[in-house]
Amino acid sequence: EKIAFILSFLILNNYLFLSLSFFPILIKINFLFFLGVVVYFYFKNFQENLFLKIFFLFIIFISLGTPTFDWDARSIWLFHGKRIFYENSILSLADSYEFSHSGYPNLIPAFASALALLVGHWNEVFPKLAFPLMFLPPMILMYSFLKSTHYLIFLSIVFFTIGNYLFNGWADGLVAMYFGSSAFLMYLLFIVENNFYRNKLLIFLLAFCFFTTLTLIKNEGFVLLLILFLTTFLIKFYKGEANKNIGKFALLLISFLPIVLWKYFCYSKGISNDYLNVDILSNLLPRLDDLNNYKLISYFLLLNEKFIITLSFFLISFWFRRNRELFSFVIIATMMYIVTLFLIYFSTPFDFKWQLDSSAARVVKSLTFFLAFFGLYNLDAERKIS
């Protein structure tokens with residue numbers, strides 16, 4: 001837990017340094033410290049969490065050995081990182097490169113640029129290591145809550161649901177991982193009754209770092225975190241506990257602040273958003289009364305084979321261990337996100353079918369990992385939560 005917190009804190013610290021245009025030497029020291037913690041994790045007790053250490057090395061080697069040719073990876077995330085590297089500031093993205101969606105959150109590009117800064121030059125291969133490196137904090141954290149055999153299953157779930165998004169330079173895999181981890185921390189802090197972790201300061205700090213990270217990966221992260229807060233509030237309100245732990249709940253809302261500040265900066269610089277524009281209602285309303293649109297979205301999202309498999313796995317796990325609190329939390333959050341996705345696709349300014357075909361399989365990864373992880377956690381009968 002401590003290593004996961006330190007790594008996640010250093011990732012956010014790097015973002016802060018580049019937002020404020022700190023001296024390059026401080027950014028290098030921050031990244032060296034991050035790498036030092038990773039080395040410590042590997043060698044303090046090599047036999048501990050051996051599955052993850054071997055798994056992660058394979059991901060690193062694959063990342064280094066595969067070229068970056070997909071549009072989002074090359075022309076958005078790595079291109080943003082390249083610009084930050086040469087300008088030494090995230091704020092440099094306010095310049096006009098509209099094709100690269102300058103208004104997107106830039107936590108990953110900032111981390112990639114810091115790696116390039118440490119090496120001393122930019123190319124299209126090694127900065128991509130920032131993507132797999134950012135998977136480490138949540139994957140280390142999960143080891144604390146799963147037995148060894150269950151953790152091996154967890155790694156299989158990661159590979160099944162996220163797959164080549166572990167190393168291909170796209171951000172959707174990281175969104176899925178941090179959404180699942182953030183949901184788990186929210187569940188521990190506010191849903192599970194009388195558990196040991198609720199009063200641990202480290203868990204609260206981890207939640208704050210993971211929540212902030214989730215919002216700064218992609219725009220979807222903001223929506224997903226908002227769904228987690230709404231789901232938690234609804235459950236607590238239903239149970240008559242809306243005022244219980246309200247202070248912690250309110251403090252965690254501060255995790256939205258960095259992305260709000262970034263979006264305000266983009267707005268002040270006239271950086272546009274594809275979806276939030278004056279035409280949103282004219283795109284949305286005509287599509288709402290066409291049944292074929294609902295069928296099409298359902299086909300791409302709800303009939304996705306991995307979504308069906310992970311949903312089935314979660315429901316089967318509930319059949320064996322009927323944890324009603326966990327079931328309510330997962331199902332409410334899942335339904336909220338599905339409804340949100342329907343509304344987003346209805347309001348797209350792009351060709352409706354093209355938008356679904358190009359993005360549905362990516363955005364559903366957050367749901368598939370979320371469902372699969374909580375299904376596994378529900379089956380882990382010997383976990384210690386009290």
# chains A, B, ... in the order shown; residues from 1 in each chain; ligands from 1
>>> residues_around(residues="region 4-15 of chain A", least_positions_apart="5", cutoff="7 Å", atoms="only C-alpha atoms", output="MDAnalysis selection string")
chainID A and resid 27 30 34 107 110:111 137:138 140:141 206 209
>>> write_last_selection(atoms="C-alpha atoms", output="PDB file, in the first residue's frame")
ATOM      1  CA  ILE A  27      11.436  16.872 -12.804  1.00  0.00           C
ATOM      2  CA  ASN A  30      11.167  13.238  -9.260  1.00  0.00           C
ATOM      3  CA  PHE A  34       9.938   7.016  -9.039  1.00  0.00           C
ATOM      4  CA  LEU A 107      -1.228  13.355 -16.994  1.00  0.00           C
ATOM      5  CA  ALA A 110       3.450  14.765 -18.836  1.00  0.00           C
ATOM      6  CA  PHE A 111       4.824  11.527 -17.398  1.00  0.00           C
ATOM      7  CA  PRO A 137       0.444   1.643  -8.449  1.00  0.00           C
ATOM      8  CA  PRO A 138      -3.030   0.056  -8.765  1.00  0.00           C
ATOM      9  CA  ILE A 140       0.643  -3.241  -6.497  1.00  0.00           C
ATOM     10  CA  LEU A 141      -2.274  -2.054  -4.378  1.00  0.00           C
ATOM     11  CA  LEU A 206      -4.430   6.507  -1.840  1.00  0.00           C
ATOM     12  CA  CYS A 209      -4.313  10.174  -5.456  1.00  0.00           C
TER      13      CYS A 209
END
>>> residues_around(residues="region 340-353 of chain A", least_positions_apart="6", cutoff="9 Å", atoms="only C-alpha atoms", output="MDAnalysis selection string")
chainID A and resid 223 274:275 279:288 293:294 296:298 301 363
>>> residues_around(residues="Phe211 (chain A)", least_positions_apart="5", cutoff="10 Å", atoms="only C-alpha atoms", output="ChimeraX atom specification")
/A:178-179,181-183,185-186,205-206,216,221-222,224-226,228,252-256
>>> write_last_selection(atoms="N, CA and C atoms", output="PDB file, in the first residue's frame")
ATOM      1  N   TYR A 178      -7.627   2.412 -13.326  1.00  0.00           N
ATOM      2  CA  TYR A 178      -7.803   3.385 -12.245  1.00  0.00           C
ATOM      3  C   TYR A 178      -9.266   3.540 -11.850  1.00  0.00           C
ATOM      4  N   PHE A 179     -10.178   3.285 -12.771  1.00  0.00           N
ATOM      5  CA  PHE A 179     -11.595   3.288 -12.399  1.00  0.00           C
ATOM      6  C   PHE A 179     -11.889   2.121 -11.460  1.00  0.00           C
ATOM      7  N   SER A 181      -9.800   0.478  -9.561  1.00  0.00           N
ATOM      8  CA  SER A 181      -9.095   0.691  -8.291  1.00  0.00           C
ATOM      9  C   SER A 181      -9.773   1.780  -7.461  1.00  0.00           C
ATOM     10  N   SER A 182     -10.177   2.860  -8.112  1.00  0.00           N
ATOM     11  CA  SER A 182     -10.855   3.940  -7.397  1.00  0.00           C
ATOM     12  C   SER A 182     -12.193   3.465  -6.831  1.00  0.00           C
ATOM     13  N   ALA A 183     -12.914   2.666  -7.621  1.00  0.00           N
ATOM     14  CA  ALA A 183     -14.183   2.117  -7.142  1.00  0.00           C
ATOM     15  C   ALA A 183     -13.955   1.234  -5.917  1.00  0.00           C
ATOM     16  N   LEU A 185     -11.486   1.435  -3.713  1.00  0.00           N
ATOM     17  CA  LEU A 185     -11.153   2.280  -2.565  1.00  0.00           C
ATOM     18  C   LEU A 185     -12.387   3.002  -2.034  1.00  0.00           C
ATOM     19  N   MET A 186     -13.246   3.456  -2.925  1.00  0.00           N
ATOM     20  CA  MET A 186     -14.501   4.082  -2.504  1.00  0.00           C
ATOM     21  C   MET A 186     -15.360   3.080  -1.740  1.00  0.00           C
ATOM     22  N   LEU A 205      -5.505   8.600   1.615  1.00  0.00           N
ATOM     23  CA  LEU A 205      -4.556   9.289   0.744  1.00  0.00           C
ATOM     24  C   LEU A 205      -4.434   8.587  -0.605  1.00  0.00           C
ATOM     25  N   LEU A 206      -4.452   7.259  -0.587  1.00  0.00           N
ATOM     26  CA  LEU A 206      -4.430   6.507  -1.840  1.00  0.00           C
ATOM     27  C   LEU A 206      -5.656   6.837  -2.681  1.00  0.00           C
ATOM     28  N   LEU A 216      -7.463  12.840 -14.570  1.00  0.00           N
ATOM     29  CA  LEU A 216      -6.429  13.466 -15.399  1.00  0.00           C
ATOM     30  C   LEU A 216      -5.909  12.553 -16.511  1.00  0.00           C
ATOM     31  N   GLY A 221     -12.597   9.830 -17.380  1.00  0.00           N
ATOM     32  CA  GLY A 221     -12.272   9.670 -15.973  1.00  0.00           C
ATOM     33  C   GLY A 221     -13.092  10.581 -15.075  1.00  0.00           C
ATOM     34  N   PHE A 222     -13.323  11.805 -15.525  1.00  0.00           N
ATOM     35  CA  PHE A 222     -14.145  12.745 -14.752  1.00  0.00           C
ATOM     36  C   PHE A 222     -15.548  12.179 -14.561  1.00  0.00           C
ATOM     37  N   LEU A 224     -16.524   9.015 -14.811  1.00  0.00           N
ATOM     38  CA  LEU A 224     -16.492   7.789 -14.014  1.00  0.00           C
ATOM     39  C   LEU A 224     -16.355   8.097 -12.522  1.00  0.00           C
ATOM     40  N   LEU A 225     -15.519   9.063 -12.176  1.00  0.00           N
ATOM     41  CA  LEU A 225     -15.379   9.410 -10.766  1.00  0.00           C
ATOM     42  C   LEU A 225     -16.661  10.043 -10.238  1.00  0.00           C
ATOM     43  N   LEU A 226     -17.296  10.867 -11.051  1.00  0.00           N
ATOM     44  CA  LEU A 226     -18.568  11.466 -10.640  1.00  0.00           C
ATOM     45  C   LEU A 226     -19.608  10.384 -10.385  1.00  0.00           C
ATOM     46  N   LEU A 228     -18.989   7.331  -9.368  1.00  0.00           N
ATOM     47  CA  LEU A 228     -18.647   6.681  -8.103  1.00  0.00           C
ATOM     48  C   LEU A 228     -19.152   7.495  -6.911  1.00  0.00           C
ATOM     49  N   LEU A 252     -12.591  14.344  -0.275  1.00  0.00           N
ATOM     50  CA  LEU A 252     -12.225  13.623  -1.495  1.00  0.00           C
ATOM     51  C   LEU A 252     -12.755  14.314  -2.747  1.00  0.00           C
ATOM     52  N   LEU A 253     -13.765  15.145  -2.592  1.00  0.00           N
ATOM     53  CA  LEU A 253     -14.262  15.905  -3.743  1.00  0.00           C
ATOM     54  C   LEU A 253     -13.208  16.868  -4.282  1.00  0.00           C
ATOM     55  N   ILE A 254     -12.224  17.208  -3.448  1.00  0.00           N
ATOM     56  CA  ILE A 254     -11.148  18.096  -3.901  1.00  0.00           C
ATOM     57  C   ILE A 254     -10.349  17.445  -5.028  1.00  0.00           C
ATOM     58  N   SER A 255     -10.436  16.116  -5.156  1.00  0.00           N
ATOM     59  CA  SER A 255      -9.712  15.424  -6.230  1.00  0.00           C
ATOM     60  C   SER A 255     -10.175  15.868  -7.617  1.00  0.00           C
ATOM     61  N   PHE A 256     -11.343  16.503  -7.695  1.00  0.00           N
ATOM     62  CA  PHE A 256     -11.816  17.040  -8.974  1.00  0.00           C
ATOM     63  C   PHE A 256     -11.111  18.351  -9.342  1.00  0.00           C
TER      64      PHE A 256
END
>>> atom_distance(atom1="CA of Lys263 (chain A)", atom2="CA of Phe229 (chain A)")
20.0 Å
>>> select_by_dssp(residues="region 158-329 of chain A", states="helix (DSSP H, G or I)", output="PyMOL selection string")
chain A and resi 158-161+163-166+172-191+196-199+201-217+219-238+246-268+280-288+291-301+305-320+324-329
>>> write_last_selection(atoms="C-alpha atoms", output="compact mmCIF listing (two decimals), in the first residue's frame")
# COMPACT_ATOMS: atom_id res chain seq x y z
CA VAL A 158 -6.12 -7.61 -16.46
CA PHE A 159 -4.77 -9.33 -19.55
CA PHE A 160 -8.24 -10.45 -20.67
CA THR A 161 -10.02 -7.11 -20.21
CA GLY A 163 -5.03 -6.73 -23.28
CA ASN A 164 -2.70 -4.85 -25.61
CA TYR A 165 -3.84 -1.54 -24.08
CA LEU A 166 -1.26 -2.33 -21.42
CA ASP A 172 -8.20 3.51 -22.25
CA GLY A 173 -6.51 0.67 -20.37
CA LEU A 174 -5.32 3.08 -17.70
CA VAL A 175 -8.81 4.53 -17.39
CA ALA A 176 -10.16 1.02 -16.80
CA MET A 177 -7.50 0.16 -14.22
CA TYR A 178 -7.80 3.39 -12.25
CA PHE A 179 -11.59 3.29 -12.40
CA GLY A 180 -11.65 -0.23 -10.96
CA SER A 181 -9.10 0.69 -8.29
CA SER A 182 -10.86 3.94 -7.40
CA ALA A 183 -14.18 2.12 -7.14
CA PHE A 184 -12.59 -0.42 -4.82
CA LEU A 185 -11.15 2.28 -2.56
CA MET A 186 -14.50 4.08 -2.50
CA TYR A 187 -16.16 0.79 -1.59
CA LEU A 188 -13.73 0.23 1.29
CA LEU A 189 -14.00 3.75 2.64
CA PHE A 190 -17.76 4.28 2.52
CA ILE A 191 -19.75 1.14 1.69
CA PHE A 196 -10.29 -1.88 9.33
CA TYR A 197 -9.39 0.10 6.20
CA ARG A 198 -12.06 2.76 6.66
CA ASN A 199 -10.02 4.48 9.35
CA LEU A 201 -5.12 7.42 6.65
CA LEU A 202 -3.06 5.68 3.97
CA ILE A 203 -6.20 4.31 2.28
CA PHE A 204 -7.72 7.80 2.28
CA LEU A 205 -4.56 9.29 0.74
CA LEU A 206 -4.43 6.51 -1.84
CA ALA A 207 -8.04 7.21 -2.74
CA PHE A 208 -7.30 10.91 -3.18
CA CYS A 209 -4.31 10.17 -5.46
CA PHE A 210 -6.17 7.55 -7.50
CA PHE A 211 -9.28 9.72 -7.85
CA THR A 212 -7.20 12.65 -9.07
CA THR A 213 -5.25 10.43 -11.43
CA LEU A 214 -8.46 8.99 -12.90
CA THR A 215 -9.75 12.44 -13.84
CA LEU A 216 -6.43 13.47 -15.40
CA ILE A 217 -6.05 10.45 -17.72
CA ASN A 219 -12.24 12.97 -20.13
CA GLU A 220 -14.07 9.74 -19.30
CA GLY A 221 -12.27 9.67 -15.97
CA PHE A 222 -14.14 12.74 -14.75
CA VAL A 223 -17.48 11.11 -15.59
CA LEU A 224 -16.49 7.79 -14.01
CA LEU A 225 -15.38 9.41 -10.77
CA LEU A 226 -18.57 11.47 -10.64
CA ILE A 227 -20.54 8.22 -11.03
CA LEU A 228 -18.65 6.68 -8.10
CA PHE A 229 -19.49 9.65 -5.88
CA LEU A 230 -23.15 9.63 -6.94
CA THR A 231 -23.42 5.87 -6.44
CA THR A 232 -21.89 6.08 -2.98
CA PHE A 233 -24.13 8.99 -1.99
CA LEU A 234 -27.28 7.20 -3.18
CA ILE A 235 -26.42 4.05 -1.23
CA LYS A 236 -25.62 6.00 1.93
CA PHE A 237 -28.79 8.09 1.52
CA TYR A 238 -30.90 4.95 1.11
CA ILE A 246 -19.38 13.33 5.35
CA GLY A 247 -16.11 15.11 6.14
CA LYS A 248 -13.99 12.49 4.37
CA PHE A 249 -16.46 12.38 1.51
CA ALA A 250 -16.27 16.16 1.06
CA LEU A 251 -12.47 16.22 1.26
CA LEU A 252 -12.23 13.62 -1.49
CA LEU A 253 -14.26 15.90 -3.74
CA ILE A 254 -11.15 18.10 -3.90
CA SER A 255 -9.71 15.42 -6.23
CA PHE A 256 -11.82 17.04 -8.97
CA LEU A 257 -9.95 20.35 -8.59
CA PRO A 258 -6.96 19.68 -10.93
CA ILE A 259 -9.14 18.67 -13.88
CA VAL A 260 -11.52 21.59 -13.23
CA LEU A 261 -8.57 23.98 -13.29
CA TRP A 262 -7.30 22.41 -16.52
CA LYS A 263 -10.71 22.68 -18.19
CA TYR A 264 -11.01 26.29 -17.05
CA PHE A 265 -7.59 27.00 -18.57
CA CYS A 266 -8.69 25.38 -21.85
CA TYR A 267 -11.89 27.41 -21.85
CA SER A 268 -9.96 30.65 -21.23
CA ILE A 280 -25.11 19.15 -28.47
CA LEU A 281 -28.92 19.29 -28.27
CA SER A 282 -29.34 19.37 -32.04
CA ASN A 283 -27.27 16.17 -32.18
CA LEU A 284 -28.95 14.53 -29.20
CA LEU A 285 -32.68 15.16 -29.60
CA PRO A 286 -33.27 13.80 -33.14
CA ARG A 287 -31.61 10.50 -32.19
CA LEU A 288 -33.60 9.87 -29.01
CA LEU A 291 -35.34 2.81 -31.86
CA ASN A 292 -32.63 1.70 -34.27
CA ASN A 293 -30.14 3.97 -32.50
CA TYR A 294 -30.79 2.18 -29.21
CA LYS A 295 -30.35 -1.17 -30.92
CA LEU A 296 -27.08 -0.05 -32.49
CA ILE A 297 -25.59 1.21 -29.23
CA SER A 298 -26.74 -1.93 -27.43
CA TYR A 299 -25.09 -4.07 -30.09
CA PHE A 300 -21.73 -2.35 -29.75
CA LEU A 301 -21.76 -1.98 -25.95
CA GLU A 305 -18.34 -10.48 -25.81
CA LYS A 306 -16.04 -9.38 -22.99
CA PHE A 307 -18.81 -7.37 -21.37
CA ILE A 308 -21.13 -10.40 -21.48
CA ILE A 309 -18.44 -12.71 -20.04
CA THR A 310 -17.46 -10.37 -17.19
CA LEU A 311 -21.08 -9.53 -16.34
CA SER A 312 -21.85 -13.25 -16.22
CA PHE A 313 -18.82 -13.85 -14.02
CA PHE A 314 -19.90 -11.11 -11.61
CA LEU A 315 -23.47 -12.45 -11.40
CA ILE A 316 -22.20 -15.99 -10.81
CA SER A 317 -19.92 -14.75 -8.04
CA PHE A 318 -22.92 -13.08 -6.42
CA TRP A 319 -24.85 -16.32 -6.66
CA PHE A 320 -22.15 -18.04 -4.59
CA ARG A 324 -25.73 -7.26 -1.19
CA GLU A 325 -23.72 -4.12 -0.47
CA LEU A 326 -21.14 -5.02 -3.11
CA PHE A 327 -23.83 -6.04 -5.60
CA SER A 328 -25.75 -2.77 -5.18
CA PHE A 329 -22.60 -0.67 -5.49
>>> closest_residue(among="A:Thr149, A:Ile108, A:Ile331, A:Arg83", to="Phe135 (chain A)", atoms="only C-alpha atoms")
A:Ile108
>>> atom_distance(atom1="CA of Val39 (chain A)", atom2="CA of Lys53 (chain A)")
10.6 Å
>>> residues_around(residues="Ile25 (chain A)", least_positions_apart="6", cutoff="12 Å", atoms="only C-alpha atoms", output="list in words")
Asn14, Phe17, Leu18, Phe31, Leu32, Asn88, Ala114, Leu117, Leu118 and Gly120 of chain A
>>> residues_around(residues="Glu48 (chain A)", least_positions_apart="2", cutoff="12 Å", atoms="only C-alpha atoms", output="list of chain:residue names")
A:Phe41, A:Tyr42, A:Phe43, A:Lys44, A:Asn45, A:Phe46, A:Leu50, A:Phe51, A:Leu52, A:Lys53, A:Ile54, A:Ile140, A:Tyr143, A:Ser144, A:Lys147, A:Ser148, A:Tyr151
>>> write_last_selection(atoms="C-alpha atoms", output="compact mmCIF listing (two decimals), in the first residue's frame")
# COMPACT_ATOMS: atom_id res chain seq x y z
CA PHE A 41 9.71 -2.88 -5.01
CA TYR A 42 11.44 -5.47 -7.19
CA PHE A 43 14.39 -6.27 -4.97
CA LYS A 44 13.30 -5.73 -1.35
CA ASN A 45 11.85 -9.26 -1.45
CA PHE A 46 11.97 -10.65 -4.96
CA LEU A 50 6.55 -12.60 -8.11
CA PHE A 51 3.66 -13.00 -10.56
CA LEU A 52 3.30 -9.23 -10.96
CA LYS A 53 7.05 -8.67 -11.27
CA ILE A 54 7.38 -11.21 -14.09
CA ILE A 140 0.64 -3.24 -6.50
CA TYR A 143 -1.90 -7.45 -4.13
CA SER A 144 -2.63 -6.28 -0.58
CA LYS A 147 -4.43 -14.03 -1.91
CA SER A 148 -1.61 -15.25 -4.16
CA TYR A 151 -3.89 -12.41 -7.57
>>> closest_residue(among="A:Asn49, A:Lys28, A:Gly36, A:Pro67", to="Leu115 (chain A)", atoms="only C-alpha atoms")
A:Lys28
>>> residues_around(residues="Gly103 (chain A)", least_positions_apart="4", cutoff="8 Å", atoms="only C-alpha atoms", output="list of chain:residue names")
A:Leu93, A:Ala94, A:Lys263, A:Cys266, A:Ile271, A:Ser272, A:Asn273
>>> closest_atom_pairs(of="region 148-185 of chain A", to="region 63-66 of chain A", cutoff="9 Å", atoms="only C-alpha atoms", output="JSON lines")
{"residue": "A:Leu166", "atom": "CA", "partner": "A:Ser63", "partner_atom": "CA", "distance": 8.3}
{"residue": "A:Phe167", "atom": "CA", "partner": "A:Ser63", "partner_atom": "CA", "distance": 4.9}
{"residue": "A:Asn168", "atom": "CA", "partner": "A:Ser63", "partner_atom": "CA", "distance": 6.7}
{"residue": "A:Gly169", "atom": "CA", "partner": "A:Ser63", "partner_atom": "CA", "distance": 8.4}
>>> atom_distance(atom1="CA of Ala112 (chain A)", atom2="CA of Leu367 (chain A)")
26.4 Å
>>> residues_around(residues="Ala73 (chain A)", least_positions_apart="2", cutoff="10 Å", atoms="only C-alpha atoms", output="number ranges by chain")
A: 68-71, 75-80, 128, 168-171
>>> closest_residue(among="A:Met134, A:Ile3, A:Met142, A:Val119", to="Phe85 (chain A)", atoms="only C-alpha atoms")
A:Val119
>>> closest_residue(among="A:Asn245, A:Val364, A:Val330, A:Phe23", to="Asn304 (chain A)", atoms="only C-alpha atoms")
A:Val364
